[in-house]
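Below is the file start08.pdb, which contains PDB, C-alpha atoms.
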```pdb
ATOM      1  CA  ALA Q  15      87.719  81.445 128.484
ATOM      2  CA  PHE Q  16      89.979  81.781 125.450
ATOM      3  CA  ALA Q  17      92.619  83.817 127.269
ATOM      4  CA  THR Q  18      92.797  81.329 130.128
ATOM      5  CA  ARG Q  19      93.778  78.532 127.708
ATOM      6  CA  LEU Q  20      96.877  80.321 126.471
ATOM      7  CA  THR Q  21     100.226  79.468 128.055
ATOM      8  CA  GLU Q  22     103.258  81.517 129.060
ATOM      9  CA  ASN Q  23     104.911  80.266 125.856
ATOM     10  CA  ASP Q  24     102.270  81.946 123.680
ATOM     11  CA  PHE Q  25     102.638  85.381 122.136
ATOM     12  CA  VAL Q  26      99.450  87.409 121.797
ATOM     13  CA  ASN Q  27      98.052  90.770 120.766
ATOM     14  CA  VAL Q  28      94.563  92.184 120.256
ATOM     15  CA  VAL Q  29      93.717  94.445 117.337
ATOM     16  CA  SER Q  30      90.331  96.165 117.533
ATOM     17  CA  PHE Q  31      88.928  97.730 114.376
ATOM     18  CA  GLY Q  32      85.999  99.627 112.936
ATOM     19  CA  SER Q  33      86.302 103.038 111.256
ATOM     20  CA  ASP Q  34      89.702 103.172 112.967
ATOM     21  CA  TRP Q  35      91.839 100.516 114.649
ATOM     22  CA  ASN Q  36      94.111 100.113 117.638
ATOM     23  CA  THR Q  37      96.239  97.460 119.291
ATOM     24  CA  LEU Q  38      96.604  96.296 122.860
ATOM     25  CA  TRP Q  39     100.403  96.322 122.468
ATOM     26  CA  ASN Q  40     102.728  97.573 119.720
ATOM     27  CA  ALA Q  41     103.702  93.990 118.916
ATOM     28  CA  SER Q  42     102.740  90.516 120.077
ATOM     29  CA  GLU Q  43     103.882  89.918 123.654
ATOM     30  CA  ARG Q  44     104.824  86.745 125.515
ATOM     31  CA  LEU Q  45     101.929  86.005 127.836
ATOM     32  CA  SER Q  46     103.376  86.594 131.310
ATOM     33  CA  ALA Q  47     100.994  86.734 134.278
ATOM     34  CA  ASP Q  48     100.882  90.534 134.002
ATOM     35  CA  LYS Q  49     100.231  90.438 130.249
ATOM     36  CA  ARG Q  50      97.476  87.838 130.760
ATOM     37  CA  LYS Q  51      95.785  90.173 133.249
ATOM     38  CA  GLN Q  52      96.012  93.058 130.739
ATOM     39  CA  LEU Q  53      94.660  90.811 127.970
ATOM     40  CA  ILE Q  54      91.658  89.668 130.007
ATOM     41  CA  GLN Q  55      90.878  93.239 131.084
ATOM     42  CA  SER Q  56      91.068  94.385 127.464
ATOM     43  CA  ILE Q  57      88.701  91.644 126.310
ATOM     44  CA  GLU Q  58      86.246  92.385 129.120
ATOM     45  CA  ARG Q  59      86.157  96.092 128.175
ATOM     46  CA  MET Q  60      85.810  95.456 124.447
ATOM     47  CA  GLU Q  61      82.654  96.727 122.768
ATOM     48  CA  ALA Q  62      81.518  96.641 119.154
ATOM     49  CA  ASN Q  63      81.205 100.400 118.849
ATOM     50  CA  MET Q  64      84.095 101.488 116.653
ATOM     51  CA  GLY Q  65      81.949 102.607 113.714
ATOM     52  CA  GLY Q  66      82.119 101.072 110.245
ATOM     53  CA  THR Q  67      84.061  97.990 109.298
ATOM     54  CA  GLU Q  68      87.315  99.136 107.682
ATOM     55  CA  MET Q  69      89.311  95.940 107.534
ATOM     56  CA  GLN Q  70      91.908  96.209 104.767
ATOM     57  CA  GLU Q  71      94.545  98.298 106.587
ATOM     58  CA  VAL Q  72      94.290  96.380 109.855
ATOM     59  CA  ILE Q  73      94.662  93.072 107.992
ATOM     60  CA  LYS Q  74      97.716  94.385 106.132
ATOM     61  CA  TRP Q  75      99.279  95.647 109.391
ATOM     62  CA  THR Q  76      98.586  92.386 111.197
ATOM     63  CA  LEU Q  77     100.056  90.288 108.405
ATOM     64  CA  SER Q  78     103.134  92.517 108.211
ATOM     65  CA  GLN Q  79     104.134  91.847 111.813
ATOM     66  CA  PRO Q  80     107.450  90.026 112.116
ATOM     67  CA  THR Q  81     107.651  86.331 112.787
ATOM     68  CA  VAL Q  82     108.557  85.371 116.360
ATOM     69  CA  TYR Q  83     111.351  82.811 116.709
ATOM     70  CA  THR Q  84     112.251  80.297 119.392
ATOM     71  CA  ALA Q  85     115.603  80.512 121.189
ATOM     72  CA  ASP Q  86     117.074  78.006 118.713
ATOM     73  CA  GLY Q  87     115.907  80.057 115.694
ATOM     74  CA  ALA Q  88     112.814  78.102 114.654
ATOM     75  CA  PRO Q  89     109.843  80.239 113.587
ATOM     76  CA  LEU Q  90     106.762  79.955 115.776
ATOM     77  CA  SER Q  91     103.529  79.251 113.964
ATOM     78  CA  ARG Q  92     101.153  82.200 113.990
ATOM     79  CA  LYS Q  93      97.400  81.836 114.398
ATOM     80  CA  ILE Q  94      95.201  84.844 113.707
ATOM     81  CA  ILE Q  95      91.549  84.823 114.711
ATOM     82  CA  LEU Q  96      89.402  87.407 112.934
ATOM     83  CA  LEU Q  97      86.098  88.145 114.662
ATOM     84  CA  THR Q  98      83.833  90.480 112.736
ATOM     85  CA  ASP Q  99      80.235  91.599 112.988
ATOM     86  CA  GLY Q 100      80.291  93.669 109.828
ATOM     87  CA  ASP Q 101      79.887  93.835 106.123
ATOM     88  CA  ILE Q 102      82.329  95.706 103.924
ATOM     89  CA  ALA Q 103      81.788  97.214 100.499
ATOM     90  CA  ASN Q 104      84.985  95.960  98.894
ATOM     91  CA  GLU Q 105      85.824  92.452 100.076
ATOM     92  CA  GLN Q 106      88.298  91.409  97.390
ATOM     93  CA  PRO Q 107      91.273  93.569  98.525
ATOM     94  CA  VAL Q 108      90.973  92.045 102.014
ATOM     95  CA  ILE Q 109      90.791  88.515 100.608
ATOM     96  CA  ASP Q 110      93.727  89.275  98.287
ATOM     97  CA  ALA Q 111      95.818  90.561 101.223
ATOM     98  CA  VAL Q 112      95.153  87.332 103.116
ATOM     99  CA  SER Q 113      96.135  85.252 100.080
ATOM    100  CA  THR Q 114      99.756  86.267 100.770
ATOM    101  CA  LEU Q 115      99.668  83.800 103.686
ATOM    102  CA  ARG Q 116     100.026  80.806 101.409
ATOM    103  CA  ASN Q 117     103.199  78.882 102.155
ATOM    104  CA  SER Q 118     103.803  80.780 105.393
ATOM    105  CA  ASN Q 119     103.738  79.853 109.058
ATOM    106  CA  THR Q 120     100.464  81.787 109.539
ATOM    107  CA  VAL Q 121      96.897  80.503 109.582
ATOM    108  CA  LEU Q 122      93.950  82.885 109.734
ATOM    109  CA  PHE Q 123      90.633  81.721 111.200
ATOM    110  CA  THR Q 124      87.411  83.712 110.902
ATOM    111  CA  LEU Q 125      84.265  84.037 112.949
ATOM    112  CA  GLY Q 126      81.282  86.107 111.803
ATOM    113  CA  ILE Q 127      79.171  87.158 114.773
ATOM    114  CA  SER Q 128      75.986  88.890 113.554
ATOM    115  CA  HIS Q 129      73.166  88.628 111.048
ATOM    116  CA  SER Q 130      74.680  91.433 108.965
ATOM    117  CA  VAL Q 131      78.134  89.906 108.635
ATOM    118  CA  SER Q 132      79.373  89.271 105.110
ATOM    119  CA  HIS Q 133      79.406  85.491 104.766
ATOM    120  CA  SER Q 134      81.373  85.669 101.513
ATOM    121  CA  LEU Q 135      84.052  87.743 103.272
ATOM    122  CA  VAL Q 136      84.272  85.359 106.225
ATOM    123  CA  ARG Q 137      84.463  82.303 103.934
ATOM    124  CA  GLY Q 138      86.887  83.953 101.499
ATOM    125  CA  VAL Q 139      89.289  85.102 104.210
ATOM    126  CA  ALA Q 140      89.204  81.698 105.919
ATOM    127  CA  LYS Q 141      89.872  79.894 102.631
ATOM    128  CA  GLU Q 142      92.782  82.145 101.646
ATOM    129  CA  GLY Q 143      94.166  82.145 105.185
ATOM    130  CA  GLY Q 144      94.125  78.344 105.467
ATOM    131  CA  GLY Q 145      91.730  78.440 108.425
ATOM    132  CA  THR Q 146      88.056  77.768 108.895
TER     133      THR Q 146
END
```
For the file at hand, write its structure as structure tokens.
Amino acid sequence: AFATRLTENDFVNVVSFGSDWNTLWNASERLSADKRKQLIQSIERMEANMGGTEMQEVIKWTLSQPTVYTADGAPLSRKIILLTDGDIANEQPVIDAVSTLRNSNTVLFTLGISHSVSHSLVRGVAKEGGGT
């Protein structure tokens, strides 16, 4: 349902992570009809079977992606949604990496989706990322 609410003016990417991580595309892509089809297929195939929850590097990579600009040079706001079902041993470096978002055009939202998820991580990342 989420992917069907996005418009052709939206830029999107999917980053899956566990012990390793990968992206749907090398960078966020404008959501053409073809890209929407690829996005939906990717989401439908997604499984939570990538091993442990190694989050720090994927967060750093995601936050380092360049800002996308409109044709007249205005930066587009960036919304990141972090879905996690895990617990990590060292939460603070992840929270610290997200704290760099202050005063930027990026907001990071979190959603913990299991009984074993680290609630302090989910809350800490949401607070530092300006999301919920």
Spatial neighbours of Q:Phe123, max dist 8 Å, all atoms listed in the file, sep filter under 4 positions, as an NGL selection string: :Q and (93-96 or 139-140 or 143-146)
Any chance you could resolve the PyMOL selection byres ((chain Q and resi 71) around 10) against this file and give the residues as a JSON list (two decimals) with C-alpha atoms, in the coordinates of the input?
```
[["chain", "number", "residue", "atom", "x", "y", "z"],
["Q", 31, "PHE", "CA", 88.93, 97.73, 114.38],
["Q", 34, "ASP", "CA", 89.70, 103.17, 112.97],
["Q", 35, "TRP", "CA", 91.84, 100.52, 114.65],
["Q", 68, "GLU", "CA", 87.32, 99.14, 107.68],
["Q", 69, "MET", "CA", 89.31, 95.94, 107.53],
["Q", 70, "GLN", "CA", 91.91, 96.21, 104.77],
["Q", 72, "VAL", "CA", 94.29, 96.38, 109.86],
["Q", 73, "ILE", "CA", 94.66, 93.07, 107.99],
["Q", 74, "LYS", "CA", 97.72, 94.38, 106.13],
["Q", 75, "TRP", "CA", 99.28, 95.65, 109.39],
["Q", 76, "THR", "CA", 98.59, 92.39, 111.20],
["Q", 77, "LEU", "CA", 100.06, 90.29, 108.40],
["Q", 107, "PRO", "CA", 91.27, 93.57, 98.52],
["Q", 108, "VAL", "CA", 90.97, 92.04, 102.01],
["Q", 111, "ALA", "CA", 95.82, 90.56, 101.22]]
```
- request: Using the chain letters and numbers from the file, give me the residues hit by the PyMOL selection byres ((chain Q and resi 24) around 6), as a list of chain:residue names.
  value: Q:Thr21, Q:Glu22, Q:Asn23, Q:Phe25, Q:Arg44, Q:Leu45
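Counting only C-alpha atoms, Q:Ile127 has the following residues at most 12 Å away, ignoring those fewer than 6 positions along the same chain: Ala62, Leu96, Leu97, Thr98, Asp99, Gly100, Asp101, His133 and Val136 of chain Q.
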Just write the chosen residues, C-alpha atoms, as a PDB file, in the coordinates of the input.
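Done, and the output landed in selection_7.pdb:
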```pdb
ATOM      1  CA  ALA Q  62      81.518  96.641 119.154  1.00  0.00           C
ATOM      2  CA  LEU Q  96      89.402  87.407 112.934  1.00  0.00           C
ATOM      3  CA  LEU Q  97      86.098  88.145 114.662  1.00  0.00           C
ATOM      4  CA  THR Q  98      83.833  90.480 112.736  1.00  0.00           C
ATOM      5  CA  ASP Q  99      80.235  91.599 112.988  1.00  0.00           C
ATOM      6  CA  GLY Q 100      80.291  93.669 109.828  1.00  0.00           C
ATOM      7  CA  ASP Q 101      79.887  93.835 106.123  1.00  0.00           C
ATOM      8  CA  HIS Q 133      79.406  85.491 104.766  1.00  0.00           C
ATOM      9  CA  VAL Q 136      84.272  85.359 106.225  1.00  0.00           C
TER      10      VAL Q 136
END
```
message: Could you list, as a PyMOL selection string, every residue matched by the PyMOL selection byres ((chain Q and resi 47-52) around 12) in this structure?
response: chain Q and resi 15-28+38-39+42-46+53-59
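The space between atom CA of Q:Ser132 and atom CA of Q:Glu105 spans 8.8 Å.
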query: atom CA of Q:Pro80 and atom CA of Q:Thr124 are how many Å apart?
result: 21.0 Å
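For the pair atom CA of Q:Ala103 and atom CA of Q:Leu122, the separation is 20.9 Å.
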Among listed residues Q:Ala85, Q:Val131, Q:Leu90, Q:Ala41, nearest Q:Asn119 (using all atoms listed in the file):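 Answer, going by the shortest atom-to-atom distance: Q:Leu90.
Shortest separation to Q:Arg137 among Q:Leu115, Q:Ile109, Q:Val121, Q:Ala88 occurs at residue Q:Ile109, atoms counted being only C-alpha atoms.
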task: Determine the nearest neighbour of Q:Leu135 from the options Q:Gln106, Q:Thr120, Q:Ser30, Q:Thr114, counting all atoms listed in the file.
output: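 Looking at the shortest contact to Q:Leu135, the residue is Q:Gln106.
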Pull out stretch 21-135 of chain Q, keep C-alpha atoms, and write it as a JSON list (two decimals), in the first residue's frame.
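The resulting file, decode_10.json, is reproduced below:
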```
[["chain", "number", "residue", "atom", "x", "y", "z"],
["Q", 21, "THR", "CA", 3.80, 9.91, -6.92],
["Q", 22, "GLU", "CA", 5.93, 10.28, -10.04],
["Q", 23, "ASN", "CA", 7.49, 13.33, -8.36],
["Q", 24, "ASP", "CA", 8.88, 11.22, -5.51],
["Q", 25, "PHE", "CA", 12.38, 9.79, -5.42],
["Q", 26, "VAL", "CA", 12.76, 6.43, -3.69],
["Q", 27, "ASN", "CA", 15.22, 3.67, -2.87],
["Q", 28, "VAL", "CA", 15.13, 0.57, -0.68],
["Q", 29, "VAL", "CA", 18.08, -0.44, 1.48],
["Q", 30, "SER", "CA", 17.86, -3.92, 3.01],
["Q", 31, "PHE", "CA", 20.21, -4.78, 5.86],
["Q", 32, "GLY", "CA", 21.23, -7.49, 8.28],
["Q", 33, "SER", "CA", 24.76, -8.90, 8.53],
["Q", 34, "ASP", "CA", 25.25, -7.28, 5.11],
["Q", 35, "TRP", "CA", 23.23, -4.70, 3.18],
["Q", 36, "ASN", "CA", 22.16, -3.95, -0.36],
["Q", 37, "THR", "CA", 20.16, -1.37, -2.27],
["Q", 38, "LEU", "CA", 17.45, -1.62, -4.88],
["Q", 39, "TRP", "CA", 19.21, 1.08, -6.94],
["Q", 40, "ASN", "CA", 22.59, 2.81, -6.62],
["Q", 41, "ALA", "CA", 20.84, 6.06, -5.76],
["Q", 42, "SER", "CA", 17.29, 7.25, -5.19],
["Q", 43, "GLU", "CA", 15.30, 7.16, -8.42],
["Q", 44, "ARG", "CA", 12.33, 9.20, -9.63],
["Q", 45, "LEU", "CA", 9.33, 6.91, -9.40],
["Q", 46, "SER", "CA", 8.38, 6.29, -13.03],
["Q", 47, "ALA", "CA", 5.85, 3.55, -13.82],
["Q", 48, "ASP", "CA", 8.71, 1.11, -14.46],
["Q", 49, "LYS", "CA", 10.50, 2.05, -11.23],
["Q", 50, "ARG", "CA", 7.23, 1.68, -9.28],
["Q", 51, "LYS", "CA", 6.84, -1.84, -10.66],
["Q", 52, "GLN", "CA", 10.43, -2.68, -9.63],
["Q", 53, "LEU", "CA", 9.83, -1.17, -6.17],
["Q", 54, "ILE", "CA", 6.66, -3.18, -5.57],
["Q", 55, "GLN", "CA", 8.32, -6.40, -6.76],
["Q", 56, "SER", "CA", 11.27, -5.74, -4.44],
["Q", 57, "ILE", "CA", 8.99, -5.17, -1.45],
["Q", 58, "GLU", "CA", 6.96, -8.30, -2.22],
["Q", 59, "ARG", "CA", 10.14, -10.42, -2.36],
["Q", 60, "MET", "CA", 11.64, -8.94, 0.80],
["Q", 61, "GLU", "CA", 12.25, -11.32, 3.70],
["Q", 62, "ALA", "CA", 13.77, -10.77, 7.12],
["Q", 63, "ASN", "CA", 16.54, -13.31, 6.63],
["Q", 64, "MET", "CA", 19.72, -11.28, 6.23],
["Q", 65, "GLY", "CA", 21.33, -12.43, 9.48],
["Q", 66, "GLY", "CA", 22.24, -10.11, 12.34],
["Q", 67, "THR", "CA", 21.32, -6.47, 12.60],
["Q", 68, "GLU", "CA", 24.36, -4.44, 11.52],
["Q", 69, "MET", "CA", 22.93, -0.97, 11.17],
["Q", 70, "GLN", "CA", 25.72, 1.58, 11.58],
["Q", 71, "GLU", "CA", 27.26, 1.38, 8.08],
["Q", 72, "VAL", "CA", 23.92, 1.31, 6.26],
["Q", 73, "ILE", "CA", 22.73, 4.35, 8.22],
["Q", 74, "LYS", "CA", 25.95, 6.22, 7.41],
["Q", 75, "TRP", "CA", 25.65, 5.33, 3.70],
["Q", 76, "THR", "CA", 21.99, 6.33, 3.57],
["Q", 77, "LEU", "CA", 22.64, 9.66, 5.26],
["Q", 78, "SER", "CA", 25.59, 10.38, 2.96],
["Q", 79, "GLN", "CA", 23.47, 10.23, -0.19],
["Q", 80, "PRO", "CA", 23.31, 13.55, -2.02],
["Q", 81, "THR", "CA", 20.34, 15.84, -1.75],
["Q", 82, "VAL", "CA", 17.99, 15.82, -4.75],
["Q", 83, "TYR", "CA", 17.06, 19.25, -6.12],
["Q", 84, "THR", "CA", 14.09, 20.55, -8.07],
["Q", 85, "ALA", "CA", 14.57, 22.05, -11.54],
["Q", 86, "ASP", "CA", 14.74, 25.54, -9.98],
["Q", 87, "GLY", "CA", 17.46, 24.48, -7.50],
["Q", 88, "ALA", "CA", 15.40, 24.01, -4.34],
["Q", 89, "PRO", "CA", 16.36, 20.98, -2.22],
["Q", 90, "LEU", "CA", 13.69, 18.31, -1.89],
["Q", 91, "SER", "CA", 12.91, 17.21, 1.63],
["Q", 92, "ARG", "CA", 14.08, 13.69, 2.36],
["Q", 93, "LYS", "CA", 12.09, 11.23, 4.47],
["Q", 94, "ILE", "CA", 13.78, 8.04, 5.61],
["Q", 95, "ILE", "CA", 11.74, 5.23, 7.12],
["Q", 96, "LEU", "CA", 13.75, 2.72, 9.15],
["Q", 97, "LEU", "CA", 11.99, -0.60, 9.72],
["Q", 98, "THR", "CA", 13.86, -2.97, 11.99],
["Q", 99, "ASP", "CA", 13.09, -6.22, 13.75],
["Q", 100, "GLY", "CA", 16.39, -6.42, 15.58],
["Q", 101, "ASP", "CA", 18.44, -5.50, 18.56],
["Q", 102, "ILE", "CA", 22.01, -4.29, 18.24],
["Q", 103, "ALA", "CA", 24.81, -4.43, 20.77],
["Q", 104, "ASN", "CA", 26.09, -0.89, 20.30],
["Q", 105, "GLU", "CA", 23.22, 1.53, 19.75],
["Q", 106, "GLN", "CA", 24.97, 4.82, 20.49],
["Q", 107, "PRO", "CA", 27.08, 5.04, 17.28],
["Q", 108, "VAL", "CA", 23.89, 4.61, 15.22],
["Q", 109, "ILE", "CA", 22.06, 7.26, 17.24],
["Q", 110, "ASP", "CA", 25.09, 9.57, 16.98],
["Q", 111, "ALA", "CA", 25.20, 9.13, 13.18],
["Q", 112, "VAL", "CA", 21.53, 10.10, 12.96],
["Q", 113, "SER", "CA", 22.13, 13.18, 15.13],
["Q", 114, "THR", "CA", 23.92, 14.73, 12.13],
["Q", 115, "LEU", "CA", 20.45, 15.25, 10.60],
["Q", 116, "ARG", "CA", 19.72, 18.22, 12.81],
["Q", 117, "ASN", "CA", 19.17, 21.36, 10.76],
["Q", 118, "SER", "CA", 18.96, 19.41, 7.50],
["Q", 119, "ASN", "CA", 16.20, 18.68, 5.03],
["Q", 120, "THR", "CA", 16.02, 15.04, 6.22],
["Q", 121, "VAL", "CA", 13.64, 13.44, 8.70],
["Q", 122, "LEU", "CA", 14.10, 9.85, 9.83],
["Q", 123, "PHE", "CA", 11.11, 7.84, 11.06],
["Q", 124, "THR", "CA", 11.43, 4.47, 12.79],
["Q", 125, "LEU", "CA", 9.26, 1.42, 13.13],
["Q", 126, "GLY", "CA", 10.21, -1.54, 15.32],
["Q", 127, "ILE", "CA", 8.45, -4.69, 14.15],
["Q", 128, "SER", "CA", 9.12, -7.55, 16.61],
["Q", 129, "HIS", "CA", 9.22, -8.41, 20.29],
["Q", 130, "SER", "CA", 13.02, -8.47, 20.23],
["Q", 131, "VAL", "CA", 13.48, -5.03, 18.72],
["Q", 132, "SER", "CA", 15.51, -2.54, 20.74],
["Q", 133, "HIS", "CA", 12.98, 0.04, 21.90],
["Q", 134, "SER", "CA", 15.73, 2.40, 23.07],
["Q", 135, "LEU", "CA", 17.31, 2.26, 19.60]]
```
